$ cat work.txt   # compact mmCIF, C-alpha atoms
# COMPACT_ATOMS: atom_id res chain seq x y z
CA MET A 26 22.24 29.10 36.12
CA THR A 27 24.82 26.71 34.65
CA VAL A 28 23.34 23.71 32.89
CA PRO A 29 24.99 20.89 30.94
CA ASP A 30 24.04 20.54 27.29
CA PRO A 31 21.80 17.45 26.80
CA ARG A 32 23.45 16.87 23.43
CA ASN A 33 26.50 15.54 25.23
CA ARG A 34 24.60 12.34 25.92
CA ASN A 35 25.54 9.61 23.45
CA LEU A 36 22.25 7.81 22.84
CA THR A 37 19.20 10.00 23.01
CA ARG A 38 21.02 13.26 22.31
CA ARG A 39 21.79 12.18 18.75
CA HIS A 40 18.12 12.89 18.14
CA PHE A 41 18.74 16.55 18.94
CA LEU A 42 21.16 16.82 16.05
CA SER A 43 19.10 14.78 13.61
CA ALA A 44 15.95 16.67 14.57
CA GLY A 45 17.68 19.96 13.88
CA ALA A 46 18.78 18.72 10.46
CA ALA A 47 15.27 17.49 9.69
CA VAL A 48 13.73 20.82 10.60
CA ALA A 49 16.30 22.67 8.53
CA GLY A 50 15.07 20.65 5.60
CA THR A 51 11.40 21.41 6.23
CA SER A 52 11.65 25.12 6.90
CA LEU A 53 11.82 25.97 3.19
CA LEU A 54 9.14 23.50 2.11
CA PRO A 55 5.54 24.45 1.30
CA ARG A 56 2.83 23.44 3.74
CA ALA A 57 1.85 20.39 1.69
CA MET A 58 5.34 18.96 2.18
CA TRP A 59 5.47 19.06 5.99
CA SER A 60 3.79 15.68 6.37
CA VAL A 61 5.94 14.12 3.65
CA ASP A 62 9.15 15.29 5.29
CA ALA A 63 8.25 14.33 8.89
CA PRO A 64 9.20 10.77 9.90
CA ALA A 65 6.65 7.96 10.09
CA ALA A 66 6.67 4.90 12.34
CA PRO A 67 4.31 1.92 12.75
CA VAL A 68 1.52 2.12 15.32
CA ALA A 69 -0.09 -0.89 17.01
CA LEU A 70 -3.79 -0.76 17.79
CA ALA A 71 -5.74 -3.25 19.90
CA ARG A 72 -9.15 -3.80 21.38
CA CYS A 73 -8.85 -4.27 25.16
CA ASN A 74 -12.22 -4.71 26.81
CA SER A 75 -11.25 -4.14 30.42
CA TYR A 76 -8.47 -3.53 32.91
CA GLY A 77 -7.06 -6.53 34.75
CA PRO A 78 -5.52 -9.65 33.17
CA GLU A 79 -6.38 -8.62 29.60
CA VAL A 80 -3.95 -5.67 29.58
CA LEU A 81 -0.60 -7.49 29.79
CA PRO A 82 -1.05 -9.90 26.84
CA ALA A 83 -2.50 -7.07 24.73
CA LEU A 84 0.51 -4.83 25.33
CA ARG A 85 2.90 -7.74 24.81
CA ARG A 86 1.42 -8.38 21.34
CA MET A 87 1.48 -4.68 20.50
CA PHE A 88 5.13 -4.25 21.45
CA ASP A 89 5.95 -7.21 19.19
CA GLN A 90 3.93 -5.64 16.36
CA ILE A 91 6.07 -2.49 16.40
CA GLY A 92 9.30 -4.48 16.27
CA GLY A 93 9.84 -5.29 19.95
CA ILE A 94 11.14 -3.05 22.73
CA GLY A 95 14.28 -4.99 23.64
CA ARG A 96 16.21 -3.05 20.99
CA LEU A 97 15.18 0.15 22.77
CA VAL A 98 15.56 -0.67 26.44
CA LYS A 99 17.93 -3.59 27.02
CA GLY A 100 20.52 -2.58 29.60
CA LYS A 101 19.19 1.00 29.62
CA THR A 102 17.68 3.49 32.05
CA VAL A 103 14.05 4.16 31.09
CA ALA A 104 12.03 7.15 32.29
CA VAL A 105 8.27 6.62 32.13
CA LYS A 106 6.15 9.79 32.23
CA LEU A 107 2.79 8.95 33.78
CA ASN A 108 -0.44 10.87 33.33
CA MET A 109 -1.44 11.66 36.91
CA VAL A 110 -1.72 15.44 36.72
CA GLY A 111 -4.73 17.73 36.76
CA SER A 112 -6.36 16.73 40.04
CA ALA A 113 -5.44 15.38 43.44
CA ASP A 114 -8.98 14.08 43.98
CA PRO A 115 -8.96 10.26 43.76
CA ARG A 116 -12.44 10.23 42.24
CA ALA A 117 -14.13 11.98 39.34
CA GLY A 118 -17.71 12.07 40.52
CA TYR A 119 -18.30 8.48 41.62
CA ILE A 120 -15.77 7.06 39.12
CA PRO A 121 -12.18 6.26 40.24
CA ILE A 122 -9.90 8.88 38.72
CA GLU A 123 -7.81 6.27 36.85
CA LYS A 124 -10.90 5.32 34.83
CA MET A 125 -11.40 8.86 33.58
CA VAL A 126 -8.42 11.19 34.03
CA TRP A 127 -5.23 9.32 34.95
CA VAL A 128 -3.56 6.41 33.21
CA HIS A 129 -4.73 3.23 34.94
CA PRO A 130 -2.33 1.43 37.30
CA ASP A 131 -2.91 -1.84 35.41
CA VAL A 132 -1.50 -0.22 32.26
CA ILE A 133 1.44 1.18 34.25
CA GLY A 134 2.15 -2.18 35.87
CA ALA A 135 1.96 -4.09 32.57
CA THR A 136 4.26 -1.58 30.87
CA VAL A 137 6.80 -1.75 33.70
CA HIS A 138 6.67 -5.56 33.65
CA LEU A 139 7.30 -5.71 29.89
CA LEU A 140 10.11 -3.15 30.10
CA GLY A 141 11.73 -5.34 32.74
CA LEU A 142 11.32 -8.50 30.65
CA ALA A 143 12.88 -6.66 27.70
CA GLY A 144 16.01 -6.05 29.77
CA ALA A 145 15.66 -2.51 31.12
CA ALA A 146 18.21 -2.05 33.91
CA ARG A 147 16.48 0.87 35.63
CA ILE A 148 12.90 2.11 35.31
CA ARG A 149 12.06 5.49 36.78
CA LEU A 150 8.38 6.46 37.01
CA VAL A 151 8.12 10.24 36.75
CA GLU A 152 5.37 12.83 37.01
CA GLY A 153 4.87 16.42 38.14
CA PRO A 154 1.76 16.06 40.34
CA TRP A 155 -0.60 18.99 40.47
CA LYS A 156 0.96 21.74 42.65
CA SER A 157 2.68 19.07 44.74
CA ALA A 158 6.21 18.60 46.12
CA GLU A 159 5.44 15.35 47.94
CA PRO A 160 7.19 12.13 46.86
CA LEU A 161 5.47 10.55 43.88
CA GLU A 162 4.94 7.38 45.92
CA GLU A 163 2.96 9.36 48.53
CA TYR A 164 0.86 10.94 45.79
CA MET A 165 0.04 7.45 44.50
CA ILE A 166 -0.88 6.24 47.98
CA SER A 167 -3.26 9.19 48.40
CA ALA A 168 -5.12 7.92 45.33
CA GLY A 169 -5.39 4.42 46.78
CA TRP A 170 -2.56 2.94 44.72
CA GLU A 171 0.25 0.71 46.03
CA PRO A 172 3.66 1.82 44.66
CA ASN A 173 5.21 -1.54 45.56
CA ASP A 174 3.00 -3.12 42.90
CA PHE A 175 5.07 -1.30 40.29
CA VAL A 176 8.35 -2.22 42.01
CA ASN A 177 7.36 -5.88 42.04
CA ALA A 178 6.21 -5.78 38.40
CA ALA A 179 9.85 -5.77 37.21
CA PRO A 180 11.95 -7.70 39.75
CA SER A 181 14.98 -7.78 37.44
CA ALA A 182 15.11 -3.97 37.12
CA LYS A 183 15.57 -1.21 39.67
CA VAL A 184 12.23 0.65 39.80
CA GLU A 185 12.36 4.22 41.12
CA PHE A 186 9.98 7.18 41.50
CA GLU A 187 10.54 10.90 41.06
CA ASN A 188 8.32 13.93 41.43
CA THR A 189 9.68 16.14 38.62
CA ASN A 190 7.66 19.20 39.62
CA PHE A 191 10.79 20.61 41.28
CA LEU A 192 14.52 19.88 41.63
CA GLY A 193 13.77 16.63 43.44
CA LYS A 194 16.79 14.38 43.82
CA GLY A 195 18.85 16.33 41.31
CA LYS A 196 21.36 19.10 41.95
CA GLN A 197 20.37 21.32 39.02
CA TYR A 198 17.86 21.63 36.23
CA ILE A 199 18.89 20.57 32.73
CA ARG A 200 18.30 22.81 29.71
CA PHE A 201 16.67 21.19 26.68
CA PRO A 202 16.91 23.36 23.54
CA VAL A 203 14.11 23.15 20.97
CA PRO A 204 15.41 22.48 17.45
CA LYS A 205 15.23 25.58 15.22
CA GLY A 206 14.15 27.68 18.19
CA GLY A 207 10.68 26.22 18.63
CA HIS A 208 7.23 27.77 18.24
CA LEU A 209 6.74 29.26 21.72
CA PHE A 210 9.83 28.62 23.87
CA PRO A 211 13.41 28.26 22.57
CA ALA A 212 14.34 25.85 25.39
CA PHE A 213 13.03 24.34 28.62
CA ASP A 214 14.71 23.74 31.98
CA LEU A 215 13.60 20.35 33.29
CA ASN A 216 14.19 17.95 36.17
CA HIS A 217 17.31 15.78 35.85
CA SER A 218 15.25 12.61 35.31
CA TYR A 219 14.46 13.66 31.75
CA TYR A 220 18.20 13.83 31.06
CA ASP A 221 19.43 10.91 33.16
CA CYS A 222 17.73 8.34 30.96
CA ASP A 223 18.51 6.52 27.74
CA VAL A 224 14.88 5.97 26.78
CA PHE A 225 11.85 8.19 27.40
CA VAL A 226 8.34 6.69 27.49
CA SER A 227 5.10 8.68 27.50
CA LEU A 228 2.25 6.77 29.12
CA GLY A 229 -0.86 8.82 28.39
CA LYS A 230 -4.65 8.72 28.54
CA MET A 231 -6.98 9.12 25.55
CA LYS A 232 -9.13 12.16 26.35
CA GLU A 233 -10.68 15.23 24.85
CA HIS A 234 -9.13 18.46 26.10
CA LYS A 235 -10.74 21.87 26.46
CA THR A 236 -7.61 23.84 25.54
CA ALA A 237 -5.65 21.43 23.32
CA GLY A 238 -8.42 19.48 21.56
CA VAL A 239 -7.12 16.07 22.57
CA THR A 240 -4.64 14.70 25.06
CA MET A 241 -2.73 11.47 24.55
CA SER A 242 1.02 10.78 24.51
CA MET A 243 2.04 14.28 23.37
CA LYS A 244 -0.07 16.48 25.65
CA ASN A 245 0.88 14.16 28.53
CA CYS A 246 4.39 15.65 28.34
CA PHE A 247 3.12 19.15 29.09
CA GLY A 248 3.43 17.99 32.71
CA ILE A 249 7.21 17.59 32.54
CA THR A 250 7.66 21.36 33.00
CA PRO A 251 8.47 22.00 36.69
CA CYS A 252 6.09 24.36 38.51
CA THR A 253 9.07 25.82 40.40
CA ILE A 254 10.00 27.50 37.09
CA TYR A 255 6.80 27.53 35.01
CA GLY A 256 4.23 27.66 37.80
CA ASP A 257 2.07 30.57 38.90
CA GLY A 258 4.09 30.91 42.10
CA ALA A 259 7.54 30.26 40.62
CA GLY A 260 10.43 32.46 41.69
CA GLU A 261 10.93 35.65 39.67
CA ASP A 262 14.71 35.39 39.27
CA GLU A 263 15.46 31.81 40.28
CA PRO A 264 13.29 28.70 40.62
CA SER A 265 11.33 28.44 43.84
CA LEU A 266 12.36 25.64 46.19
CA VAL A 267 8.95 23.95 46.02
CA PRO A 268 6.07 24.27 43.53
CA ASN A 269 3.43 26.84 44.39
CA GLY A 270 0.43 26.87 42.07
CA GLY A 271 -0.27 25.38 38.66
CA ARG A 272 0.96 26.44 35.23
CA MET A 273 -1.95 28.66 34.20
CA GLN A 274 -0.28 32.10 34.15
CA THR A 275 2.99 31.11 32.48
CA MET A 276 1.90 28.37 30.12
CA HIS A 277 -1.83 28.90 29.44
CA SER A 278 -2.37 32.66 29.54
CA GLY A 279 1.16 34.06 29.27
CA ARG A 280 0.53 36.58 32.04
CA ARG A 281 4.03 35.96 33.39
CA GLN A 282 7.30 34.53 32.16
CA PRO A 283 9.24 31.60 33.63
CA SER A 284 11.86 32.32 36.28
CA LYS A 285 14.51 34.61 34.76
CA SER A 286 17.12 31.86 35.14
CA SER A 287 15.29 30.00 32.36
CA PRO A 288 14.64 31.04 28.74
CA ALA A 289 11.66 33.35 28.26
CA GLU A 290 9.19 32.76 25.47
CA LYS A 291 10.25 33.87 22.01
CA ASP A 292 7.62 36.53 21.37
CA PRO A 293 5.92 38.24 24.33
CA ASN A 294 3.58 39.94 21.83
CA SER A 295 2.18 36.66 20.51
CA PRO A 296 -1.45 35.74 21.35
CA ARG A 297 -2.10 35.25 25.06
CA GLN A 298 -4.78 32.65 24.38
CA GLY A 299 -4.45 29.07 25.65
CA GLY A 300 -5.58 27.58 22.35
CA TYR A 301 -2.59 29.25 20.70
CA ARG A 302 -0.03 28.68 23.45
CA ILE A 303 -0.64 25.15 24.76
CA PRO A 304 -0.42 23.33 21.38
CA ARG A 305 2.82 25.17 20.61
CA CYS A 306 4.26 24.36 24.01
CA VAL A 307 3.39 20.68 23.52
CA ALA A 308 5.02 20.60 20.08
CA ASP A 309 8.14 22.35 21.41
CA LEU A 310 8.43 19.83 24.25
CA MET A 311 8.11 16.93 21.80
CA ALA A 312 11.04 18.28 19.81
CA ALA A 313 13.15 19.18 22.85
CA ARG A 314 12.65 15.97 24.87
CA PRO A 315 12.05 13.20 22.27
CA VAL A 316 9.68 10.35 23.12
CA HIS A 317 10.97 6.89 22.18
CA LEU A 318 7.88 4.87 23.13
CA ALA A 319 4.29 6.08 23.43
CA VAL A 320 1.55 4.06 25.14
CA VAL A 321 -2.01 5.40 25.24
CA ASP A 322 -4.64 4.04 27.62
CA GLY A 323 -8.04 4.32 25.98
CA ILE A 324 -9.72 1.42 27.76
CA GLU A 325 -11.79 3.77 29.90
CA SER A 326 -11.61 7.53 29.75
CA MET A 327 -13.69 10.70 29.50
CA CYS A 328 -15.15 12.85 26.77
CA ARG A 329 -15.74 16.60 26.54
CA GLN A 330 -12.74 17.96 28.47
CA GLU A 331 -9.78 16.64 30.42
CA ASN A 332 -10.86 17.01 34.03
CA SER A 333 -14.57 17.81 34.29
CA GLY A 334 -15.14 15.57 37.32
CA VAL A 335 -18.58 14.74 35.92
CA ALA A 336 -19.39 11.03 35.94
CA ALA A 337 -21.65 11.46 32.88
CA ASP A 338 -18.50 12.14 30.83
CA HIS A 339 -17.12 8.67 31.57
CA VAL A 340 -16.64 6.63 28.38
CA GLN A 341 -15.31 3.16 27.55
CA PRO A 342 -13.53 3.14 24.17
CA ARG A 343 -11.84 -0.19 25.09
CA VAL A 344 -8.67 0.45 23.09
CA LEU A 345 -4.88 0.67 23.49
CA VAL A 346 -2.49 2.49 21.13
CA VAL A 347 1.30 1.94 21.05
CA GLY A 348 4.15 3.21 18.88
CA THR A 349 7.62 4.70 18.79
CA ASN A 350 6.61 8.09 17.34
CA PRO A 351 4.23 10.18 19.48
CA VAL A 352 2.81 12.18 16.56
CA CYS A 353 1.97 9.00 14.66
CA VAL A 354 0.50 7.42 17.79
CA ASP A 355 -1.68 10.44 18.57
CA ALA A 356 -2.76 10.75 14.95
CA VAL A 357 -4.04 7.17 15.00
CA GLY A 358 -5.57 7.81 18.42
CA ALA A 359 -7.37 10.89 17.12
CA ALA A 360 -8.81 8.84 14.27
CA VAL A 361 -10.01 6.20 16.76
CA MET A 362 -11.74 9.02 18.67
CA GLY A 363 -13.65 9.95 15.50
CA PHE A 364 -11.49 12.96 14.54
CA ASP A 365 -9.49 13.76 11.41
CA PRO A 366 -5.82 14.05 12.45
CA MET A 367 -5.28 16.42 9.50
CA ALA A 368 -7.82 18.88 10.93
CA ASP A 369 -6.73 22.24 12.30
CA ARG A 370 -8.21 25.26 14.11
CA GLY A 371 -11.93 25.66 13.54
CA HIS A 372 -12.56 21.95 12.97
CA ALA A 373 -13.15 19.17 15.52
CA PRO A 374 -11.42 18.54 17.85
CA PHE A 375 -9.51 21.80 17.39
CA GLU A 376 -12.46 24.22 17.28
CA ASN A 377 -10.77 26.63 19.68
CA CYS A 378 -7.09 25.80 19.31
CA ASP A 379 -4.35 25.06 16.83
CA SER A 380 -3.43 21.45 16.13
CA GLN A 381 -0.55 20.17 18.26
CA LEU A 382 -0.18 17.40 15.66
CA ARG A 383 0.46 19.87 12.86
CA LEU A 384 2.80 22.00 14.97
CA ALA A 385 4.89 18.98 16.01
CA GLU A 386 4.92 17.83 12.41
CA GLU A 387 6.34 21.21 11.39
CA LEU A 388 9.21 20.68 13.83
CA GLY A 389 10.00 17.37 12.16
CA VAL A 390 8.87 15.19 15.09
CA GLY A 391 6.54 12.92 13.13
CA THR A 392 3.75 12.73 10.58
CA ARG A 393 0.01 12.93 11.27
CA ASP A 394 -0.84 11.68 7.76
CA LEU A 395 -2.57 8.32 8.15
CA THR A 396 -1.66 7.34 4.57
CA ARG A 397 1.97 7.24 5.69
CA ILE A 398 1.42 5.40 8.99
CA GLU A 399 1.38 1.60 9.08
CA VAL A 400 -1.26 0.43 11.55
CA ALA A 401 -0.68 -3.06 12.96
CA GLY A 402 -3.20 -5.19 14.81
CA ALA A 403 -6.76 -3.91 14.75
CA LYS A 404 -8.09 -1.62 12.02
CA ILE A 405 -9.10 1.89 13.02
CA SER A 406 -12.61 1.21 11.71
CA ASP A 407 -12.92 -1.85 13.96
CA VAL A 408 -12.17 0.04 17.18
CA LEU A 409 -13.64 3.44 16.26
CA PHE A 410 -15.26 5.20 19.23
CA ASP A 411 -16.85 8.53 18.35
CA TYR A 412 -16.16 10.78 21.34
CA ARG A 413 -18.55 13.48 20.18
CA LYS A 414 -21.46 11.07 19.96
CA ALA A 415 -20.58 10.01 23.51
CA HIS A 416 -21.47 13.47 24.87
CA LYS A 417 -24.45 12.42 26.98
CA VAL A 418 -25.38 15.65 28.74
CA PRO A 419 -25.63 19.14 27.14
CA ASP A 420 -23.17 21.62 28.65
CA GLY A 421 -25.91 23.81 30.13
CA ALA A 422 -27.53 20.85 31.86
CA ARG A 423 -24.43 19.18 33.28
CA PRO A 424 -24.27 18.65 37.04
CA ARG A 425 -21.51 20.53 38.80
CA ARG A 426 -18.76 18.82 40.71
CA GLY A 427 -19.23 19.23 44.42
$ encode --input "work.txt" --output "structure tokens"
Amino acid sequence: MTVPDPRNRNLTRRHFLSAGAAVAGTSLLPRAMWSVDAPAAPVALARCNSYGPEVLPALRRMFDQIGGIGRLVKGKTVAVKLNMVGSADPRAGYIPIEKMVWVHPDVIGATVHLLGLAGAARIRLVEGPWKSAEPLEEYMISAGWEPNDFVNAAPSAKVEFENTNFLGKGKQYIRFPVPKGGHLFPAFDLNHSYYDCDVFVSLGKMKEHKTAGVTMSMKNCFGITPCTIYGDGAGEDEPSLVPNGGRMQTMHSGRRQPSKSSPAEKDPNSPRQGGYRIPRCVADLMAARPVHLAVVDGIESMCRQENSGVAADHVQPRVLVVGTNPVCVDAVGAAVMGFDPMADRGHAPFENCDSQLRLAEELGVGTRDLTRIEVAGAKISDVLFDYRKAHKVPDGARPRRG
């Protein structure tokens, strides 16, 4: 399959070259130097007690605290990766799914509005819904959302939608190489929307995750991989026309490789365990498709694992996290959740997996060292919400979804 090189783009593709140079500098450094070498960027933190009218002014202040977003988006095309993957059920137990699993539409709407006010010319909302080839707007409607609310949130910008789980409106997939070859995959073939943008935004949810420890702005981007290539039912030689199945066999367990038209993983003899593979895949994606703005919805969420569907796991941290570096943002978010962002396998929240924060740091994406990250707005100690103390029901006694 012929694919254009993303580095031909003038704005965001410069990061590919600088990232490669940064990694070249870190590869010979001892472990203690990884954090020092990786870039740091300010992170804004805010208490936000509820969805509704409180969200917009909170995000407005936070964007100002990190230096404003006009410099990033004015006159540009902005792709906003939503967190709407993992379930097509509009409820988790008796709780609306956007209060536990998905990013809330109020946070989406406020972000779109502020991007429009900052001068974005085009805003494209993107997601690869679970095993779905339906238009993203239809997927939203099935959850009880109104897509026109997002269109109307930024009347001065053209607001579009794209399901990136397959080829969609594009004519071919675009290959994104991972600087220095990556941990797990040397490159990814992705939907055109991740190339046809000047600015990439990750709009994630603050959750614990069974396989990756935590999920925020970084793990959210795991869903940019199209199931037509990386799905259980993907074509053997070429991508399938529509997605068929989730990403378990290729991405989680490594029981199969992507379609042969796309790069295979680097080492087929590496561990076939999800706790090894998923954090490396996330780190590789962060290096290959850089995030320019990360917004994490922690107003309401869930503890224990990403998609339990158990209402008892519903929590209300009442917090928002914003920044321009996803590793820095997720490091601060992890601290808010009661975890040490410098922790690794064997220590909470990474008891059964490697740290995606450390792996992305090794690739030169960003630092997880809180001593190097300026936190604006609220103090971490003022908004701390211990996710482990929020575990209300022992695993053996939890009601099953049904």
$ closest_residue --input "work.txt" --among "A:Pro82, A:Pro268, A:Pro351, A:Pro180" --to "Ser227 in chain A" --atoms "all atoms listed in the file"
A:Pro351
$ residues_near_point --input "work.txt" --point "(6.1, 15.9, 49.7)" --cutoff "12 Å" --atoms "only C-alpha atoms" --output "ChimeraX atom specification"
/A:153-165,167,187-191,193,267-268
$ closest_residue --input "work.txt" --among "A:Asp338, A:Glu399, A:Glu263, A:Glu290" --to "Cys306 in chain A" --atoms "only C-alpha atoms"
A:Glu290
$ closest_residue --input "work.txt" --among "A:Met311, A:Ala368, A:Ala385, A:Val361" --to "Asp411 in chain A" --atoms "all atoms listed in the file"
A:Val361
$ residues_around --input "work.txt" --residues "Ser75 in chain A" --least-positions-apart "4" --cutoff "8 Å" --atoms "only C-alpha atoms" --output "JSON, numbers by chain"
{"A": [79, 80, 324, 325, 343]}
$ closest_residue --input "work.txt" --among "A:Val320, A:Ile303, A:Ile249, A:Val224" --to "Val132 in chain A" --atoms "all atoms listed in the file"
A:Val320
$ atom_distance --input "work.txt" --atom1 "CA of Lys99 in chain A" --atom2 "CA of Gly248 in chain A"
26.6 Å
$ atom_distance --input "work.txt" --atom1 "CA of Pro264 in chain A" --atom2 "CA of Pro251 in chain A"
9.1 Å
$ closest_residue --input "work.txt" --among "A:Pro304, A:Pro283, A:Pro64, A:Pro288" --to "Gly206 in chain A" --atoms "only C-alpha atoms"
A:Pro288
$ residues_near_point --input "work.txt" --point "(-0.1, 14.0, 20.2)" --cutoff "12 Å" --atoms "only C-alpha atoms" --output "ChimeraX atom specification"
/A:227-234,237-247,304-312,316,319-321,346,348,350-360,366,380-386,390-393
$ build_atoms --input "work.txt" --residues "range 334-350 of chain A" --atoms "N, CA, C and O atoms" --output "PDB file, in the frame of the given file"
ATOM      1  N   GLY A 334     -14.652  16.124  36.052  1.00  0.00           N
ATOM      2  CA  GLY A 334     -15.140  15.570  37.320  1.00  0.00           C
ATOM      3  C   GLY A 334     -16.593  15.167  37.267  1.00  0.00           C
ATOM      4  O   GLY A 334     -17.203  14.911  38.302  1.00  0.00           O
ATOM      5  N   VAL A 335     -17.174  15.090  36.080  1.00  0.00           N
ATOM      6  CA  VAL A 335     -18.580  14.740  35.920  1.00  0.00           C
ATOM      7  C   VAL A 335     -18.683  13.294  35.452  1.00  0.00           C
ATOM      8  O   VAL A 335     -18.171  12.943  34.386  1.00  0.00           O
ATOM      9  N   ALA A 336     -19.333  12.460  36.244  1.00  0.00           N
ATOM     10  CA  ALA A 336     -19.390  11.030  35.940  1.00  0.00           C
ATOM     11  C   ALA A 336     -20.072  10.762  34.601  1.00  0.00           C
ATOM     12  O   ALA A 336     -19.786   9.760  33.945  1.00  0.00           O
ATOM     13  N   ALA A 337     -20.960  11.656  34.161  1.00  0.00           N
ATOM     14  CA  ALA A 337     -21.650  11.460  32.880  1.00  0.00           C
ATOM     15  C   ALA A 337     -20.685  11.511  31.702  1.00  0.00           C
ATOM     16  O   ALA A 337     -21.024  11.047  30.608  1.00  0.00           O
ATOM     17  N   ASP A 338     -19.488  12.065  31.901  1.00  0.00           N
ATOM     18  CA  ASP A 338     -18.500  12.140  30.830  1.00  0.00           C
ATOM     19  C   ASP A 338     -17.643  10.882  30.726  1.00  0.00           C
ATOM     20  O   ASP A 338     -16.770  10.805  29.859  1.00  0.00           O
ATOM     21  N   HIS A 339     -17.871   9.918  31.597  1.00  0.00           N
ATOM     22  CA  HIS A 339     -17.120   8.670  31.570  1.00  0.00           C
ATOM     23  C   HIS A 339     -17.471   7.872  30.323  1.00  0.00           C
ATOM     24  O   HIS A 339     -18.637   7.677  29.987  1.00  0.00           O
ATOM     25  N   VAL A 340     -16.434   7.420  29.592  1.00  0.00           N
ATOM     26  CA  VAL A 340     -16.640   6.630  28.380  1.00  0.00           C
ATOM     27  C   VAL A 340     -15.746   5.394  28.424  1.00  0.00           C
ATOM     28  O   VAL A 340     -14.778   5.331  29.188  1.00  0.00           O
ATOM     29  N   GLN A 341     -16.061   4.412  27.598  1.00  0.00           N
ATOM     30  CA  GLN A 341     -15.310   3.160  27.550  1.00  0.00           C
ATOM     31  C   GLN A 341     -14.961   2.805  26.102  1.00  0.00           C
ATOM     32  O   GLN A 341     -15.573   1.922  25.501  1.00  0.00           O
ATOM     33  N   PRO A 342     -13.945   3.454  25.542  1.00  0.00           N
ATOM     34  CA  PRO A 342     -13.530   3.140  24.170  1.00  0.00           C
ATOM     35  C   PRO A 342     -12.952   1.740  24.000  1.00  0.00           C
ATOM     36  O   PRO A 342     -12.968   1.177  22.911  1.00  0.00           O
ATOM     37  N   ARG A 343     -12.369   1.176  25.075  1.00  0.00           N
ATOM     38  CA  ARG A 343     -11.840  -0.190  25.090  1.00  0.00           C
ATOM     39  C   ARG A 343     -10.732  -0.383  24.040  1.00  0.00           C
ATOM     40  O   ARG A 343     -10.774  -1.312  23.223  1.00  0.00           O
ATOM     41  N   VAL A 344      -9.721   0.501  24.092  1.00  0.00           N
ATOM     42  CA  VAL A 344      -8.670   0.450  23.090  1.00  0.00           C
ATOM     43  C   VAL A 344      -7.329   0.829  23.718  1.00  0.00           C
ATOM     44  O   VAL A 344      -7.265   1.574  24.699  1.00  0.00           O
ATOM     45  N   LEU A 345      -6.254   0.302  23.152  1.00  0.00           N
ATOM     46  CA  LEU A 345      -4.880   0.670  23.490  1.00  0.00           C
ATOM     47  C   LEU A 345      -4.166   1.056  22.197  1.00  0.00           C
ATOM     48  O   LEU A 345      -4.425   0.462  21.135  1.00  0.00           O
ATOM     49  N   VAL A 346      -3.266   2.042  22.289  1.00  0.00           N
ATOM     50  CA  VAL A 346      -2.490   2.490  21.130  1.00  0.00           C
ATOM     51  C   VAL A 346      -1.018   2.551  21.557  1.00  0.00           C
ATOM     52  O   VAL A 346      -0.694   3.092  22.617  1.00  0.00           O
ATOM     53  N   VAL A 347      -0.125   2.024  20.717  1.00  0.00           N
ATOM     54  CA  VAL A 347       1.300   1.940  21.050  1.00  0.00           C
ATOM     55  C   VAL A 347       2.126   2.262  19.810  1.00  0.00           C
ATOM     56  O   VAL A 347       1.769   1.864  18.697  1.00  0.00           O
ATOM     57  N   GLY A 348       3.233   2.965  19.992  1.00  0.00           N
ATOM     58  CA  GLY A 348       4.150   3.210  18.880  1.00  0.00           C
ATOM     59  C   GLY A 348       5.404   3.902  19.355  1.00  0.00           C
ATOM     60  O   GLY A 348       5.522   4.296  20.515  1.00  0.00           O
ATOM     61  N   THR A 349       6.347   4.077  18.437  1.00  0.00           N
ATOM     62  CA  THR A 349       7.620   4.700  18.790  1.00  0.00           C
ATOM     63  C   THR A 349       7.685   6.173  18.374  1.00  0.00           C
ATOM     64  O   THR A 349       8.682   6.836  18.658  1.00  0.00           O
ATOM     65  N   ASN A 350       6.658   6.671  17.709  1.00  0.00           N
ATOM     66  CA  ASN A 350       6.610   8.090  17.340  1.00  0.00           C
ATOM     67  C   ASN A 350       5.333   8.689  17.903  1.00  0.00           C
ATOM     68  O   ASN A 350       4.232   8.266  17.537  1.00  0.00           O
TER      69      ASN A 350
END
